[in-house]
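Chemist: One structure, pasted below without further comment.
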Amino acid sequence: MNIECSQIGGVRVEIVRKKIKNLHIGCYPPDGRVRVAAPESLSPDAIRLAVLTRMSWIRRKQAAFLKQERQTERRFVSGETHFLFGRPLRLEVERWDKKVHRISRLGNDRLLFRVPVESTLGQMRRWMEAWQKSELRKQATPRLETWEARLGVRTSKWGIRPMRTKWGSCNPHKRIIWLNSDLAKKPMRMIDYVIVHELAHLVSPRHDEKFRAVLDNALPRWRNIRSELNALPLSAWTDATSEQIGTHRP
């Protein structure tokens with residue numbers, strides 16, 4: 001895979017050469033980075049023309065990213081709001097003499113975070129991320145199994161990890177699915193949507209009519225859910241920001 005950068009229409013474009021048949025153009029947050037996946041045999045002039053043809057779309061996406069709300073950086077102090085599956089939880093931080101940390105829910109609107117006295121911001125961030133990932137796994141595991149049964153497909157492996165540009169990914173050949181760990185903060189309907197989107201790639205690896213038919217049958221409101229997901233604030237303290245759903249993501 002060859003990677004090169006070029007200025008096209010005043011925009012910096014990252015061009016990745018792959019063994020694919022069609023050219024794909026993506027525009028990613030937080031600043032509208034442009035990336036082109038191009039067939040190895042396609043000429044530079046053809047790539048340039050394709051990007052220029054999509055320039056108005058690229059400009060609209062970049063402008064939208066600049067306007068999109070972003071979460072304030074979390075400092076892990078009492079009174080902060082943290083999100084779990086779309087629900088805002090007020091954080092209560094308690095420093096204690098024990099050498100371990102504990103995170104627990106208090107009712108429907110509070111989150112108790114007990115940490116060692118000398119804990120750093122970086123440690124608290126990692127502990128919270130690990131807890132959110134664990135909570136996401138608890139919710140995603142039965143959902144994935146349910147959707148596999150409904151769609152008549154089966155993964156060989158799935159997992160959760162931070163992802164910079166996607167809510168999820170699928171390797172149709174190896175039947176492996178990954179979910180973005182940042183989904184722990186999003187409502188359940190959005191988690192279902194991403195799961196169904198990735199499972200649909202086991203039916204059709206491309207975003208074609210067959211692929212869309214799976215989504216239409218499984219989640220008739222998937223387009224609305226996709227728009228909701230794209231409109232949510234981008235995270236400020238994690239690299240798991242998300243590419244707008246379109247050609248290259250769920």
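Ordering of the structure tokens sets the chain letters (A, B, ...); residue numbers start at 1 within each chain; ligands are numbered from 1 in the order shown.
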Which neighbours of stretch 89-92 of chain A fall inside 10 Å, counting only C-alpha atoms, when residues of the same chain fewer than 4 positions from it are skipped, and could you give them as JSON, numbers by chain?

Modeler: {"A": [76, 77, 78, 79, 80, 81, 82, 83, 84, 103, 105, 106, 107, 108, 109, 110, 111, 112, 113, 114]}

Chemist: Given only C-alpha atoms as the basis, pick out the residue of A:Lys98, A:His207, A:Arg48, A:Arg189 nearest to A:Val13.

Modeler: A:Arg48

Chemist: Quick one: DSSP helix (DSSP H, G or I) residues in stretch 51-238 of chain A, as a PyMOL selection string?

Modeler: chain A and resi 51-53+55-67+121-151+181-185+188-200+209-218+222-231

Chemist: Return the single residue from A:Arg125, A:Arg12, A:Lys166, A:Arg59 that is closest to A:Leu183, with distances computed using only C-alpha atoms.

Modeler: A:Lys166

Chemist: Please provide as an MDAnalysis selection string all residues within 12 Å of stretch 128-133 of chain A, with the sequence filter that same-chain residues fewer than 3 positions apart are discarded (counting only C-alpha atoms).

Modeler: chainID A and resid 74:76 82:85 91 93 101:105 111:115 121:125 136:141 159:162 179:186 237:240

Chemist: Find the residues near A:Trp222: any atom within 12 Å, counting only C-alpha atoms, skip ones fewer than 2 places away on the same chain, and give them as a PyMOL selection string.

Modeler: chain A and resi 189-197+212-220+224-229+245+250

Chemist: Looking only at strand (DSSP E or B) from DSSP on the backbone, list the matching residues of stretch 143-214 of chain A as JSON, numbers by chain.

Modeler: {"A": [157, 158, 159, 160, 161, 168, 169, 170, 171, 176, 177, 178, 179, 180]}

Chemist: Keeping only N, CA, C and O atoms, write the selected residues as a PDB file, in the first residue's frame.

Modeler:
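Saved to again38.pdb:
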ATOM      1  N   LYS A 157     -14.787 -13.467  15.255  1.00  0.00           N
ATOM      2  CA  LYS A 157     -14.173 -12.743  16.365  1.00  0.00           C
ATOM      3  C   LYS A 157     -14.707 -11.322  16.364  1.00  0.00           C
ATOM      4  O   LYS A 157     -15.020 -10.765  15.319  1.00  0.00           O
ATOM      5  N   TRP A 158     -14.850 -10.736  17.549  1.00  0.00           N
ATOM      6  CA  TRP A 158     -15.197  -9.327  17.630  1.00  0.00           C
ATOM      7  C   TRP A 158     -14.520  -8.734  18.862  1.00  0.00           C
ATOM      8  O   TRP A 158     -14.152  -9.449  19.783  1.00  0.00           O
ATOM      9  N   GLY A 159     -14.353  -7.420  18.848  1.00  0.00           N
ATOM     10  CA  GLY A 159     -13.697  -6.778  19.971  1.00  0.00           C
ATOM     11  C   GLY A 159     -14.015  -5.298  20.038  1.00  0.00           C
ATOM     12  O   GLY A 159     -14.758  -4.760  19.215  1.00  0.00           O
ATOM     13  N   ILE A 160     -13.438  -4.635  21.031  1.00  0.00           N
ATOM     14  CA  ILE A 160     -13.662  -3.210  21.279  1.00  0.00           C
ATOM     15  C   ILE A 160     -12.303  -2.539  21.388  1.00  0.00           C
ATOM     16  O   ILE A 160     -11.409  -3.045  22.090  1.00  0.00           O
ATOM     17  N   ARG A 161     -12.129  -1.409  20.708  1.00  0.00           N
ATOM     18  CA  ARG A 161     -10.867  -0.685  20.788  1.00  0.00           C
ATOM     19  C   ARG A 161     -11.079   0.767  20.385  1.00  0.00           C
ATOM     20  O   ARG A 161     -12.054   1.086  19.690  1.00  0.00           O
ATOM     21  N   GLY A 168     -17.043   1.711  13.809  1.00  0.00           N
ATOM     22  CA  GLY A 168     -16.852   0.270  13.779  1.00  0.00           C
ATOM     23  C   GLY A 168     -16.145  -0.124  12.504  1.00  0.00           C
ATOM     24  O   GLY A 168     -16.015   0.679  11.574  1.00  0.00           O
ATOM     25  N   SER A 169     -15.683  -1.354  12.455  1.00  0.00           N
ATOM     26  CA  SER A 169     -15.043  -1.850  11.241  1.00  0.00           C
ATOM     27  C   SER A 169     -15.318  -3.342  11.109  1.00  0.00           C
ATOM     28  O   SER A 169     -15.601  -4.028  12.095  1.00  0.00           O
ATOM     29  N   CYS A 170     -15.230  -3.822   9.869  1.00  0.00           N
ATOM     30  CA  CYS A 170     -15.479  -5.230   9.611  1.00  0.00           C
ATOM     31  C   CYS A 170     -14.505  -5.734   8.554  1.00  0.00           C
ATOM     32  O   CYS A 170     -14.291  -5.068   7.535  1.00  0.00           O
ATOM     33  N   ASN A 171     -13.926  -6.888   8.807  1.00  0.00           N
ATOM     34  CA  ASN A 171     -13.140  -7.600   7.805  1.00  0.00           C
ATOM     35  C   ASN A 171     -14.012  -8.760   7.338  1.00  0.00           C
ATOM     36  O   ASN A 171     -14.079  -9.801   8.009  1.00  0.00           O
ATOM     37  N   ILE A 176     -14.260 -10.621  11.077  1.00  0.00           N
ATOM     38  CA  ILE A 176     -13.876  -9.974  12.335  1.00  0.00           C
ATOM     39  C   ILE A 176     -14.505  -8.588  12.398  1.00  0.00           C
ATOM     40  O   ILE A 176     -14.452  -7.821  11.430  1.00  0.00           O
ATOM     41  N   ILE A 177     -15.087  -8.253  13.538  1.00  0.00           N
ATOM     42  CA  ILE A 177     -15.724  -6.953  13.741  1.00  0.00           C
ATOM     43  C   ILE A 177     -15.098  -6.254  14.949  1.00  0.00           C
ATOM     44  O   ILE A 177     -14.837  -6.888  15.967  1.00  0.00           O
ATOM     45  N   TRP A 178     -14.873  -4.945  14.786  1.00  0.00           N
ATOM     46  CA  TRP A 178     -14.392  -4.118  15.891  1.00  0.00           C
ATOM     47  C   TRP A 178     -15.385  -2.995  16.129  1.00  0.00           C
ATOM     48  O   TRP A 178     -15.913  -2.405  15.179  1.00  0.00           O
ATOM     49  N   LEU A 179     -15.629  -2.677  17.406  1.00  0.00           N
ATOM     50  CA  LEU A 179     -16.482  -1.557  17.785  1.00  0.00           C
ATOM     51  C   LEU A 179     -15.631  -0.485  18.447  1.00  0.00           C
ATOM     52  O   LEU A 179     -14.705  -0.795  19.212  1.00  0.00           O
ATOM     53  N   ASN A 180     -15.949   0.765  18.159  1.00  0.00           N
ATOM     54  CA  ASN A 180     -15.249   1.891  18.762  1.00  0.00           C
ATOM     55  C   ASN A 180     -15.593   1.968  20.245  1.00  0.00           C
ATOM     56  O   ASN A 180     -16.768   1.988  20.622  1.00  0.00           O
TER      57      ASN A 180
END

Chemist: My list of candidates is A:Lys19, A:Ala37, A:Gly26, A:Arg150. Which is closest to A:Glu4 when distances are computed with only C-alpha atoms?

Modeler: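 Going through A:Lys19, A:Ala37, A:Gly26, A:Arg150 one by one, the smallest distance to A:Glu4 is for A:Ala37.
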
Chemist: Can you work out the spacing between atom CA of A:Thr146 and atom CA of A:Arg221 in Å, to one decimal?

Modeler: 18.3 Å
